[in-house]
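The structure file final05.pdb is reproduced below (PDB, C-alpha atoms).
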ATOM      1  CA  MET A   1     -40.219   2.336  39.126  1.00  0.00           C
ATOM      2  CA  PRO A   2     -37.485   4.186  37.116  1.00  0.00           C
ATOM      3  CA  GLN A   3     -34.859   2.932  39.569  1.00  0.00           C
ATOM      4  CA  GLN A   4     -36.020  -0.665  39.026  1.00  0.00           C
ATOM      5  CA  THR A   5     -35.835  -0.219  35.227  1.00  0.00           C
ATOM      6  CA  GLU A   6     -32.339   1.257  35.527  1.00  0.00           C
ATOM      7  CA  HIS A   7     -31.226  -1.734  37.620  1.00  0.00           C
ATOM      8  CA  PHE A   8     -32.692  -4.121  35.037  1.00  0.00           C
ATOM      9  CA  GLU A   9     -30.889  -2.287  32.210  1.00  0.00           C
ATOM     10  CA  ARG A  10     -27.557  -2.553  34.047  1.00  0.00           C
ATOM     11  CA  LYS A  11     -28.088  -6.269  34.561  1.00  0.00           C
ATOM     12  CA  LYS A  12     -29.024  -6.628  30.914  1.00  0.00           C
ATOM     13  CA  ALA A  13     -25.904  -4.748  29.761  1.00  0.00           C
ATOM     14  CA  LEU A  14     -23.671  -6.841  32.022  1.00  0.00           C
ATOM     15  CA  ALA A  15     -25.235 -10.074  30.794  1.00  0.00           C
ATOM     16  CA  ILE A  16     -24.781  -9.053  27.163  1.00  0.00           C
ATOM     17  CA  PHE A  17     -21.174  -8.035  27.793  1.00  0.00           C
ATOM     18  CA  LEU A  18     -20.358 -11.316  29.535  1.00  0.00           C
ATOM     19  CA  SER A  19     -22.084 -13.251  26.758  1.00  0.00           C
ATOM     20  CA  ILE A  20     -19.944 -11.517  24.153  1.00  0.00           C
ATOM     21  CA  VAL A  21     -16.779 -12.227  26.166  1.00  0.00           C
ATOM     22  CA  MET A  22     -17.656 -15.917  26.504  1.00  0.00           C
ATOM     23  CA  LEU A  23     -18.535 -16.205  22.800  1.00  0.00           C
ATOM     24  CA  ALA A  24     -15.228 -14.531  21.899  1.00  0.00           C
ATOM     25  CA  MET A  25     -13.348 -16.973  24.128  1.00  0.00           C
ATOM     26  CA  THR A  26     -15.151 -19.881  22.446  1.00  0.00           C
ATOM     27  CA  ALA A  27     -14.292 -18.548  18.989  1.00  0.00           C
ATOM     28  CA  GLY A  28     -10.673 -18.035  20.061  1.00  0.00           C
ATOM     29  CA  TYR A  29     -10.349 -21.596  21.290  1.00  0.00           C
ATOM     30  CA  ALA A  30     -11.902 -22.907  18.077  1.00  0.00           C
ATOM     31  CA  PHE A  31      -9.423 -20.879  16.002  1.00  0.00           C
ATOM     32  CA  PHE A  32      -6.393 -22.002  18.048  1.00  0.00           C
ATOM     33  CA  ALA A  33      -7.544 -25.626  17.986  1.00  0.00           C
ATOM     34  CA  ALA A  34      -7.950 -25.549  14.190  1.00  0.00           C
ATOM     35  CA  GLU A  35      -4.495 -23.990  13.831  1.00  0.00           C
ATOM     36  CA  PHE A  36      -3.011 -26.592  16.210  1.00  0.00           C
ATOM     37  CA  LEU A  37      -4.545 -29.495  14.300  1.00  0.00           C
ATOM     38  CA  GLN A  38      -3.404 -28.020  10.975  1.00  0.00           C
ATOM     39  CA  ARG A  39       0.156 -27.735  12.300  1.00  0.00           C
ATOM     40  CA  LEU A  40       0.127 -31.322  13.531  1.00  0.00           C
ATOM     41  CA  SER A  41      -1.186 -32.624  10.219  1.00  0.00           C
ATOM     42  CA  SER A  42       1.588 -30.912   8.262  1.00  0.00           C
ATOM     43  CA  LEU A  43       4.677 -31.460  10.404  1.00  0.00           C
ATOM     44  CA  ASP A  44       6.771 -32.233   7.318  1.00  0.00           C
ATOM     45  CA  ALA A  45       6.003 -28.766   5.959  1.00  0.00           C
ATOM     46  CA  GLN A  46       7.117 -27.050   9.172  1.00  0.00           C
ATOM     47  CA  ALA A  47      10.318 -25.198   8.467  1.00  0.00           C
ATOM     48  CA  PHE A  48      12.594 -25.410  11.469  1.00  0.00           C
ATOM     49  CA  TYR A  49      10.642 -24.970  14.680  1.00  0.00           C
ATOM     50  CA  LEU A  50       7.221 -25.604  16.133  1.00  0.00           C
ATOM     51  CA  ARG A  51       5.244 -24.447  19.151  1.00  0.00           C
ATOM     52  CA  VAL A  52       2.845 -27.002  20.576  1.00  0.00           C
ATOM     53  CA  SER A  53       0.234 -26.156  23.210  1.00  0.00           C
ATOM     54  CA  MET A  54      -1.066 -29.032  25.275  1.00  0.00           C
ATOM     55  CA  MET A  55      -4.055 -26.983  26.463  1.00  0.00           C
ATOM     56  CA  VAL A  56      -5.729 -26.040  23.166  1.00  0.00           C
ATOM     57  CA  ILE A  57      -7.680 -29.250  22.539  1.00  0.00           C
ATOM     58  CA  PRO A  58      -8.711 -29.704  26.200  1.00  0.00           C
ATOM     59  CA  GLY A  59      -9.746 -26.044  26.196  1.00  0.00           C
ATOM     60  CA  LEU A  60     -11.856 -26.592  23.095  1.00  0.00           C
ATOM     61  CA  ILE A  61     -13.543 -29.570  24.743  1.00  0.00           C
ATOM     62  CA  ALA A  62     -14.344 -27.417  27.777  1.00  0.00           C
ATOM     63  CA  THR A  63     -15.696 -24.437  25.794  1.00  0.00           C
ATOM     64  CA  PRO A  64     -19.316 -25.678  25.870  1.00  0.00           C
ATOM     65  CA  ILE A  65     -19.135 -24.885  29.572  1.00  0.00           C
ATOM     66  CA  LEU A  66     -18.806 -21.216  28.590  1.00  0.00           C
ATOM     67  CA  LEU A  67     -21.787 -21.452  26.248  1.00  0.00           C
ATOM     68  CA  LEU A  68     -23.878 -23.195  28.881  1.00  0.00           C
ATOM     69  CA  SER A  69     -22.793 -20.542  31.383  1.00  0.00           C
ATOM     70  CA  ILE A  70     -24.273 -17.887  29.104  1.00  0.00           C
ATOM     71  CA  TYR A  71     -27.606 -19.709  29.160  1.00  0.00           C
ATOM     72  CA  VAL A  72     -27.547 -20.162  32.941  1.00  0.00           C
ATOM     73  CA  MET A  73     -26.577 -16.543  33.496  1.00  0.00           C
ATOM     74  CA  LEU A  74     -29.272 -15.182  31.203  1.00  0.00           C
ATOM     75  CA  ARG A  75     -31.998 -17.392  32.639  1.00  0.00           C
ATOM     76  CA  ARG A  76     -30.968 -16.533  36.167  1.00  0.00           C
ATOM     77  CA  HIS A  77     -30.951 -12.770  35.601  1.00  0.00           C
ATOM     78  CA  PHE A  78     -33.960 -12.455  33.284  1.00  0.00           C
ATOM     79  CA  GLY A  79     -36.305 -15.122  34.368  1.00  0.00           C
ATOM     80  CA  ASN A  80     -36.342 -18.203  36.394  1.00  0.00           C
ATOM     81  CA  LEU A  81     -33.695 -20.854  36.121  1.00  0.00           C
ATOM     82  CA  PRO A  82     -35.279 -24.261  36.597  1.00  0.00           C
ATOM     83  CA  GLU A  83     -33.408 -26.404  39.082  1.00  0.00           C
ATOM     84  CA  ARG A  84     -33.124 -29.252  36.579  1.00  0.00           C
ATOM     85  CA  HIS A  85     -31.404 -26.927  34.057  1.00  0.00           C
ATOM     86  CA  PHE A  86     -28.853 -25.877  36.648  1.00  0.00           C
ATOM     87  CA  ALA A  87     -28.280 -29.511  37.683  1.00  0.00           C
ATOM     88  CA  LEU A  88     -27.814 -30.483  34.030  1.00  0.00           C
ATOM     89  CA  TRP A  89     -25.303 -27.643  33.591  1.00  0.00           C
ATOM     90  CA  VAL A  90     -23.315 -28.843  36.601  1.00  0.00           C
ATOM     91  CA  LYS A  91     -23.320 -32.470  35.383  1.00  0.00           C
ATOM     92  CA  MET A  92     -22.317 -31.525  31.828  1.00  0.00           C
ATOM     93  CA  SER A  93     -19.599 -29.241  33.129  1.00  0.00           C
ATOM     94  CA  LEU A  94     -18.129 -31.975  35.289  1.00  0.00           C
ATOM     95  CA  VAL A  95     -18.222 -34.481  32.415  1.00  0.00           C
ATOM     96  CA  LEU A  96     -16.623 -32.022  29.989  1.00  0.00           C
ATOM     97  CA  LEU A  97     -13.912 -31.122  32.498  1.00  0.00           C
ATOM     98  CA  ALA A  98     -13.177 -34.814  33.096  1.00  0.00           C
ATOM     99  CA  VAL A  99     -12.941 -35.453  29.335  1.00  0.00           C
ATOM    100  CA  ALA A 100     -10.717 -32.392  28.862  1.00  0.00           C
ATOM    101  CA  PHE A 101      -8.461 -33.566  31.697  1.00  0.00           C
ATOM    102  CA  ALA A 102      -8.242 -37.081  30.190  1.00  0.00           C
ATOM    103  CA  VAL A 103      -7.427 -35.650  26.741  1.00  0.00           C
ATOM    104  CA  ARG A 104      -4.696 -33.503  28.286  1.00  0.00           C
ATOM    105  CA  ILE A 105      -3.142 -36.575  29.888  1.00  0.00           C
ATOM    106  CA  VAL A 106      -3.305 -38.537  26.622  1.00  0.00           C
ATOM    107  CA  LEU A 107      -1.770 -35.604  24.713  1.00  0.00           C
ATOM    108  CA  GLY A 108       0.992 -35.429  27.299  1.00  0.00           C
ATOM    109  CA  PHE A 109       1.983 -39.008  26.548  1.00  0.00           C
ATOM    110  CA  TRP A 110       1.286 -39.187  22.802  1.00  0.00           C
ATOM    111  CA  LEU A 111       2.257 -35.781  21.395  1.00  0.00           C
ATOM    112  CA  PRO A 112       5.969 -35.642  22.348  1.00  0.00           C
ATOM    113  CA  GLY A 113       6.572 -39.008  20.707  1.00  0.00           C
ATOM    114  CA  TYR A 114       4.664 -38.035  17.586  1.00  0.00           C
ATOM    115  CA  VAL A 115       6.507 -34.738  17.164  1.00  0.00           C
ATOM    116  CA  SER A 116       9.923 -36.299  17.803  1.00  0.00           C
ATOM    117  CA  GLU A 117       9.179 -39.083  15.283  1.00  0.00           C
ATOM    118  CA  ASN A 118       8.699 -36.332  12.714  1.00  0.00           C
ATOM    119  CA  GLY A 119      12.201 -34.952  13.198  1.00  0.00           C
ATOM    120  CA  PHE A 120      11.829 -32.404  15.991  1.00  0.00           C
ATOM    121  CA  THR A 121      13.755 -32.119  19.262  1.00  0.00           C
ATOM    122  CA  HIS A 122      12.219 -30.612  22.403  1.00  0.00           C
ATOM    123  CA  CYS A 123      13.927 -27.401  23.553  1.00  0.00           C
ATOM    124  CA  SER A 124      12.869 -26.426  27.063  1.00  0.00           C
ATOM    125  CA  LYS A 125      15.375 -23.532  27.112  1.00  0.00           C
ATOM    126  CA  LEU A 126      13.163 -21.608  24.677  1.00  0.00           C
ATOM    127  CA  GLU A 127       9.961 -22.153  26.634  1.00  0.00           C
ATOM    128  CA  ASN A 128       8.201 -19.796  28.968  1.00  0.00           C
ATOM    129  CA  PRO A 129       8.099 -21.226  32.523  1.00  0.00           C
ATOM    130  CA  SER A 130       4.320 -20.764  32.685  1.00  0.00           C
ATOM    131  CA  PRO A 131       2.372 -24.021  33.139  1.00  0.00           C
ATOM    132  CA  PHE A 132       0.136 -23.118  30.171  1.00  0.00           C
ATOM    133  CA  ALA A 133       2.991 -22.139  27.860  1.00  0.00           C
ATOM    134  CA  SER A 134       3.543 -23.931  24.582  1.00  0.00           C
ATOM    135  CA  GLN A 135       6.289 -26.482  24.181  1.00  0.00           C
ATOM    136  CA  VAL A 136       8.997 -25.530  21.696  1.00  0.00           C
ATOM    137  CA  TRP A 137      10.360 -28.109  19.272  1.00  0.00           C
ATOM    138  CA  VAL A 138      13.241 -27.486  16.847  1.00  0.00           C
ATOM    139  CA  ARG A 139      14.490 -29.418  13.811  1.00  0.00           C
ATOM    140  CA  GLN A 140      18.154 -28.950  14.693  1.00  0.00           C
ATOM    141  CA  PRO A 141      19.112 -29.749  18.307  1.00  0.00           C
ATOM    142  CA  GLN A 142      21.873 -27.124  17.991  1.00  0.00           C
ATOM    143  CA  TYR A 143      19.151 -24.415  17.726  1.00  0.00           C
ATOM    144  CA  CYS A 144      18.607 -25.013  21.429  1.00  0.00           C
ATOM    145  CA  HIS A 145      21.478 -22.782  22.565  1.00  0.00           C
ATOM    146  CA  GLU A 146      22.639 -23.174  26.163  1.00  0.00           C
ATOM    147  CA  LEU A 147      21.865 -19.526  27.069  1.00  0.00           C
ATOM    148  CA  SER A 148      18.751 -19.043  24.936  1.00  0.00           C
ATOM    149  CA  TYR A 149      16.553 -19.119  28.043  1.00  0.00           C
ATOM    150  CA  LEU A 150      17.816 -15.587  28.804  1.00  0.00           C
ATOM    151  CA  VAL A 151      16.148 -14.198  25.660  1.00  0.00           C
ATOM    152  CA  ASN A 152      13.595 -16.886  24.813  1.00  0.00           C
ATOM    153  CA  VAL A 153      10.815 -14.450  23.877  1.00  0.00           C
ATOM    154  CA  GLU A 154      13.073 -12.503  21.508  1.00  0.00           C
ATOM    155  CA  VAL A 155      14.447 -15.710  19.967  1.00  0.00           C
ATOM    156  CA  LEU A 156      10.953 -17.049  19.307  1.00  0.00           C
ATOM    157  CA  GLU A 157       9.937 -13.723  17.728  1.00  0.00           C
ATOM    158  CA  TRP A 158      12.995 -13.961  15.484  1.00  0.00           C
ATOM    159  CA  PHE A 159      12.133 -17.595  14.681  1.00  0.00           C
ATOM    160  CA  ASP A 160       8.604 -16.472  13.723  1.00  0.00           C
ATOM    161  CA  GLU A 161      10.026 -13.789  11.424  1.00  0.00           C
ATOM    162  CA  GLN A 162      12.383 -16.291   9.782  1.00  0.00           C
ATOM    163  CA  GLN A 163       9.640 -18.850   9.336  1.00  0.00           C
ATOM    164  CA  ALA A 164       7.260 -16.222   7.890  1.00  0.00           C
ATOM    165  CA  ILE A 165       9.705 -15.356   5.113  1.00  0.00           C
ATOM    166  CA  GLY A 166      10.495 -19.024   4.491  1.00  0.00           C
ATOM    167  CA  ALA A 167      14.094 -18.810   5.677  1.00  0.00           C
ATOM    168  CA  LYS A 168      15.894 -21.773   7.173  1.00  0.00           C
ATOM    169  CA  PRO A 169      18.719 -20.272   9.214  1.00  0.00           C
ATOM    170  CA  SER A 170      21.872 -22.239   9.745  1.00  0.00           C
ATOM    171  CA  VAL A 171      23.019 -23.269  13.207  1.00  0.00           C
ATOM    172  CA  GLU A 172      25.687 -20.544  13.018  1.00  0.00           C
ATOM    173  CA  GLN A 173      23.061 -17.881  12.204  1.00  0.00           C
ATOM    174  CA  VAL A 174      20.851 -18.985  15.099  1.00  0.00           C
ATOM    175  CA  THR A 175      23.805 -19.026  17.503  1.00  0.00           C
ATOM    176  CA  ALA A 176      24.924 -15.579  16.325  1.00  0.00           C
ATOM    177  CA  GLN A 177      21.390 -14.169  16.688  1.00  0.00           C
ATOM    178  CA  ILE A 178      21.013 -15.583  20.208  1.00  0.00           C
ATOM    179  CA  GLU A 179      24.381 -14.186  21.254  1.00  0.00           C
ATOM    180  CA  LEU A 180      23.461 -10.804  19.728  1.00  0.00           C
ATOM    181  CA  LEU A 181      20.157 -10.755  21.616  1.00  0.00           C
ATOM    182  CA  ILE A 182      21.929 -11.667  24.869  1.00  0.00           C
ATOM    183  CA  ALA A 183      24.497  -8.874  24.323  1.00  0.00           C
ATOM    184  CA  GLN A 184      21.691  -6.368  23.608  1.00  0.00           C
ATOM    185  CA  ARG A 185      19.865  -7.441  26.759  1.00  0.00           C
ATOM    186  CA  LYS A 186      22.995  -7.094  28.908  1.00  0.00           C
ATOM    187  CA  GLN A 187      23.665  -3.662  27.436  1.00  0.00           C
ATOM    188  CA  ARG A 188      20.085  -2.550  28.058  1.00  0.00           C
ATOM    189  CA  TYR A 189      20.043  -3.629  31.705  1.00  0.00           C
ATOM    190  CA  GLN A 190      23.542  -2.627  32.769  1.00  0.00           C
TER     191      GLN A 190
END

Would you put the structure from the file into structure tokens?
Amino acid sequence: MPQQTEHFERKKALAIFLSIVMLAMTAGYAFFAAEFLQRLSSLDAQAFYLRVSMMVIPGLIATPILLLSIYVMLRRHFGNLPERHFALWVKMSLVLLAVAFAVRIVLGFWLPGYVSENGFTHCSKLENPSPFASQVWVRQPQYCHELSYLVNVEVLEWFDEQQAIGAKPSVEQVTAQIELLIAQRKQRYQ
């Protein structure tokens, strides 16, 4: 009997841990989606660059799948999971994934036009090559330096610092900073 209780306690601890992880992921998506929508609503107030993630809103739409997964997991481990509840979870998950996919496609067509209409130019040289990476948009096309892809992470960190203090660097300052970062990188790895 003690071994059975110990097994139940381990299952209970794992279920609670996974529930907390899924709730944290849901809260994270809600926070990022609110930040994304706030940024889009105030494009005129954006200083000189903007990062736009195409996956935040579709991710928010799909987050109920995580919450439903908590329910399914808990019912499965600590009781019986009625077949109709599992079938409903599968159907809702498929619908939510289809809606999230459709929203991602719509965002892919609508968002670039909207951001460019508000005075931004897309700069792929500053983007991470990951498929889930944010798109980078700059006010001045000259900010998109030809070699900035070599130090894109460092440039974006510098952009964040400049934007946090309210600075609007000139094209010459951005070019000089990018060239400095490239020189530092070459020195570090040679």

- Message: Between CA of Val151 in chain A and CA of Met54 in chain A, what is the distance in Å, rounded to a tenth?
- Response: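 According to the coordinates, CA of Val151 in chain A and CA of Met54 in chain A are separated by 22.7 Å.
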
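CA of Val106 in chain A to CA of Thr26 in chain A spans 22.5 Å [interatomic distance, one decimal].
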
- Query: What does the distance from CA of Cys144 in chain A to CA of Gln173 in chain A come to in Å, to one decimal?
  - Reply: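 Computing it gives 12.5 Å between the two atoms.
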
- Query: Neighbours of Leu97 in chain A within 9 Å (all atoms listed in the file; same-chain residues fewer than 2 positions away dropped), as a ChimeraX atom specification?
  - Reply: /A:58,61-62,65,92-95,99-102

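Of the listed residues (A:Val115, A:Leu107, A:Leu96, A:Ile178), A:Leu96 comes nearest to Leu66 in chain A; the distances count only C-alpha atoms.
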
- Check the smallest atom-to-atom distance from each of A:Glu35, A:Glu161, A:Glu83, A:Glu146 to Lys125 in chain A using all atoms listed in the file, then report the winner.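 Nearest to Lys125 in chain A: A:Glu146.
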
- Item | Distance query 9 Å from (12.2, -34.9, 12.8) using all atoms listed in the file, result as a PyMOL selection string | chain A and resi 43-44+115-121+138-140

- May I ask which of the residues A:Asn80, A:Ser69, A:Ser53, A:Ser148 is the closest one to Ser130 in chain A, counting only C-alpha atoms? A:Ser53

- Would you mind listing what lies within 9 Å of Gln135 in chain A as JSON, numbers by chain, with only C-alpha atoms counted and same-chain residues fewer than 4 positions away left out? {"A": [50, 51, 52, 53, 54, 122, 123, 124, 126, 127, 128]}

Write the selection just made, keeping C-alpha atoms, as a CSV table (one decimal), in the frame of the given file?
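Below you can see selection_28.csv, which holds the result:
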chain,number,residue,atom,x,y,z
A,50,LEU,CA,7.2,-25.6,16.1
A,51,ARG,CA,5.2,-24.4,19.2
A,52,VAL,CA,2.8,-27.0,20.6
A,53,SER,CA,0.2,-26.2,23.2
A,54,MET,CA,-1.1,-29.0,25.3
A,122,HIS,CA,12.2,-30.6,22.4
A,123,CYS,CA,13.9,-27.4,23.6
A,124,SER,CA,12.9,-26.4,27.1
A,126,LEU,CA,13.2,-21.6,24.7
A,127,GLU,CA,10.0,-22.2,26.6
A,128,ASN,CA,8.2,-19.8,29.0

- Explicit residues for the PyMOL selection byres ((chain A and resi 177) around 12) (as a list in words):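 Taken over the shown coordinates, the PyMOL selection byres ((chain A and resi 177) around 12) returns Tyr143, His145, Leu147, Ser148, Val151, Asn152, Glu154, Val155, Leu156, Glu157, Trp158, Phe159, Gln162, Pro169, Ser170, Val171, Glu172, Gln173, Val174, Thr175, Ala176, Ile178, Glu179, Leu180, Leu181, Ile182, Ala183 and Gln184 of chain A.
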
Selected residues written out, C-alpha atoms, as an mmCIF file, keeping the file's coordinate frame:
data_model
loop_
_atom_site.group_PDB
_atom_site.id
_atom_site.type_symbol
_atom_site.label_atom_id
_atom_site.label_comp_id
_atom_site.auth_asym_id
_atom_site.auth_seq_id
_atom_site.Cartn_x
_atom_site.Cartn_y
_atom_site.Cartn_z
ATOM 1 C CA TYR A 143 19.151 -24.415 17.726
ATOM 2 C CA HIS A 145 21.478 -22.782 22.565
ATOM 3 C CA LEU A 147 21.865 -19.526 27.069
ATOM 4 C CA SER A 148 18.751 -19.043 24.936
ATOM 5 C CA VAL A 151 16.148 -14.198 25.660
ATOM 6 C CA ASN A 152 13.595 -16.886 24.813
ATOM 7 C CA GLU A 154 13.073 -12.503 21.508
ATOM 8 C CA VAL A 155 14.447 -15.710 19.967
ATOM 9 C CA LEU A 156 10.953 -17.049 19.307
ATOM 10 C CA GLU A 157 9.937 -13.723 17.728
ATOM 11 C CA TRP A 158 12.995 -13.961 15.484
ATOM 12 C CA PHE A 159 12.133 -17.595 14.681
ATOM 13 C CA GLN A 162 12.383 -16.291 9.782
ATOM 14 C CA PRO A 169 18.719 -20.272 9.214
ATOM 15 C CA SER A 170 21.872 -22.239 9.745
ATOM 16 C CA VAL A 171 23.019 -23.269 13.207
ATOM 17 C CA GLU A 172 25.687 -20.544 13.018
ATOM 18 C CA GLN A 173 23.061 -17.881 12.204
ATOM 19 C CA VAL A 174 20.851 -18.985 15.099
ATOM 20 C CA THR A 175 23.805 -19.026 17.503
ATOM 21 C CA ALA A 176 24.924 -15.579 16.325
ATOM 22 C CA ILE A 178 21.013 -15.583 20.208
ATOM 23 C CA GLU A 179 24.381 -14.186 21.254
ATOM 24 C CA LEU A 180 23.461 -10.804 19.728
ATOM 25 C CA LEU A 181 20.157 -10.755 21.616
ATOM 26 C CA ILE A 182 21.929 -11.667 24.869
ATOM 27 C CA ALA A 183 24.497 -8.874 24.323
ATOM 28 C CA GLN A 184 21.691 -6.368 23.608
#

- Query: Using all atoms listed in the file, which of A:Ala15, A:Ser41, A:Ser134, A:Phe48 sits nearest Tyr71 in chain A?
  - Reply: A:Ala15

- Query: Which residue gives the smallest distance to Ala30 in chain A among A:Gln190, A:Ser42, A:Gln163, A:Thr63, with all atoms listed in the file counted?
  - Reply: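 Between A:Gln190, A:Ser42, A:Gln163, A:Thr63, the residue approaching Ala30 in chain A most closely is A:Thr63.
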
- Shell around Leu23 in chain A at 9 Å using all atoms listed in the file, local window under 4 positions removed, as an MDAnalysis selection string: chainID A and resid 18:19 27:28 66:67 70

Kindly provide, as AutoDock Vina command-line options, the centre and edge lengths (Å, one decimal) of an axis-aligned box around all atoms of range 59-72 of chain A given in the file, with 6 Å on each side.
--center_x -18.7 --center_y -23.7 --center_z 28.0 --size_x 29.9 --size_y 23.7 --size_z 21.8

N, CA and C atoms of range 169-186 of chain A from block above, as a PDB file, in the first residue's frame:
ATOM      1  N   PRO A 169      18.947  57.704 -32.930  1.00  0.00           N
ATOM      2  CA  PRO A 169      20.276  57.824 -33.537  1.00  0.00           C
ATOM      3  C   PRO A 169      20.196  58.179 -35.018  1.00  0.00           C
ATOM      4  N   SER A 170      21.196  58.899 -35.444  1.00  0.00           N
ATOM      5  CA  SER A 170      21.282  59.252 -36.860  1.00  0.00           C
ATOM      6  C   SER A 170      21.764  58.031 -37.642  1.00  0.00           C
ATOM      7  N   VAL A 171      21.636  58.119 -38.947  1.00  0.00           N
ATOM      8  CA  VAL A 171      22.104  57.030 -39.817  1.00  0.00           C
ATOM      9  C   VAL A 171      23.599  56.822 -39.615  1.00  0.00           C
ATOM     10  N   GLU A 172      24.344  57.910 -39.455  1.00  0.00           N
ATOM     11  CA  GLU A 172      25.797  57.817 -39.248  1.00  0.00           C
ATOM     12  C   GLU A 172      26.118  57.095 -37.933  1.00  0.00           C
ATOM     13  N   GLN A 173      25.347  57.385 -36.874  1.00  0.00           N
ATOM     14  CA  GLN A 173      25.575  56.721 -35.587  1.00  0.00           C
ATOM     15  C   GLN A 173      25.284  55.222 -35.683  1.00  0.00           C
ATOM     16  N   VAL A 174      24.205  54.874 -36.366  1.00  0.00           N
ATOM     17  CA  VAL A 174      23.856  53.458 -36.529  1.00  0.00           C
ATOM     18  C   VAL A 174      24.935  52.752 -37.336  1.00  0.00           C
ATOM     19  N   THR A 175      25.364  53.357 -38.432  1.00  0.00           N
ATOM     20  CA  THR A 175      26.409  52.758 -39.269  1.00  0.00           C
ATOM     21  C   THR A 175      27.697  52.587 -38.475  1.00  0.00           C
ATOM     22  N   ALA A 176      28.071  53.606 -37.704  1.00  0.00           N
ATOM     23  CA  ALA A 176      29.292  53.524 -36.898  1.00  0.00           C
ATOM     24  C   ALA A 176      29.177  52.430 -35.844  1.00  0.00           C
ATOM     25  N   GLN A 177      28.016  52.309 -35.210  1.00  0.00           N
ATOM     26  CA  GLN A 177      27.822  51.275 -34.180  1.00  0.00           C
ATOM     27  C   GLN A 177      27.887  49.883 -34.800  1.00  0.00           C
ATOM     28  N   ILE A 178      27.283  49.697 -35.949  1.00  0.00           N
ATOM     29  CA  ILE A 178      27.316  48.387 -36.616  1.00  0.00           C
ATOM     30  C   ILE A 178      28.742  48.026 -37.006  1.00  0.00           C
ATOM     31  N   GLU A 179      29.465  48.987 -37.553  1.00  0.00           N
ATOM     32  CA  GLU A 179      30.858  48.727 -37.933  1.00  0.00           C
ATOM     33  C   GLU A 179      31.727  48.446 -36.713  1.00  0.00           C
ATOM     34  N   LEU A 180      31.454  49.139 -35.598  1.00  0.00           N
ATOM     35  CA  LEU A 180      32.184  48.869 -34.351  1.00  0.00           C
ATOM     36  C   LEU A 180      31.890  47.456 -33.856  1.00  0.00           C
ATOM     37  N   LEU A 181      30.636  47.062 -33.873  1.00  0.00           N
ATOM     38  CA  LEU A 181      30.266  45.716 -33.425  1.00  0.00           C
ATOM     39  C   LEU A 181      30.882  44.636 -34.314  1.00  0.00           C
ATOM     40  N   ILE A 182      30.940  44.895 -35.616  1.00  0.00           N
ATOM     41  CA  ILE A 182      31.566  43.934 -36.538  1.00  0.00           C
ATOM     42  C   ILE A 182      33.060  43.829 -36.242  1.00  0.00           C
ATOM     43  N   ALA A 183      33.725  44.975 -36.013  1.00  0.00           N
ATOM     44  CA  ALA A 183      35.161  44.967 -35.700  1.00  0.00           C
ATOM     45  C   ALA A 183      35.421  44.218 -34.395  1.00  0.00           C
ATOM     46  N   GLN A 184      34.569  44.439 -33.376  1.00  0.00           N
ATOM     47  CA  GLN A 184      34.727  43.738 -32.099  1.00  0.00           C
ATOM     48  C   GLN A 184      34.539  42.237 -32.278  1.00  0.00           C
ATOM     49  N   ARG A 185      33.587  41.853 -33.105  1.00  0.00           N
ATOM     50  CA  ARG A 185      33.353  40.425 -33.346  1.00  0.00           C
ATOM     51  C   ARG A 185      34.538  39.785 -34.057  1.00  0.00           C
ATOM     52  N   LYS A 186      35.071  40.477 -35.067  1.00  0.00           N
ATOM     53  CA  LYS A 186      36.240  39.939 -35.787  1.00  0.00           C
ATOM     54  C   LYS A 186      37.425  39.794 -34.845  1.00  0.00           C
TER      55      LYS A 186
END
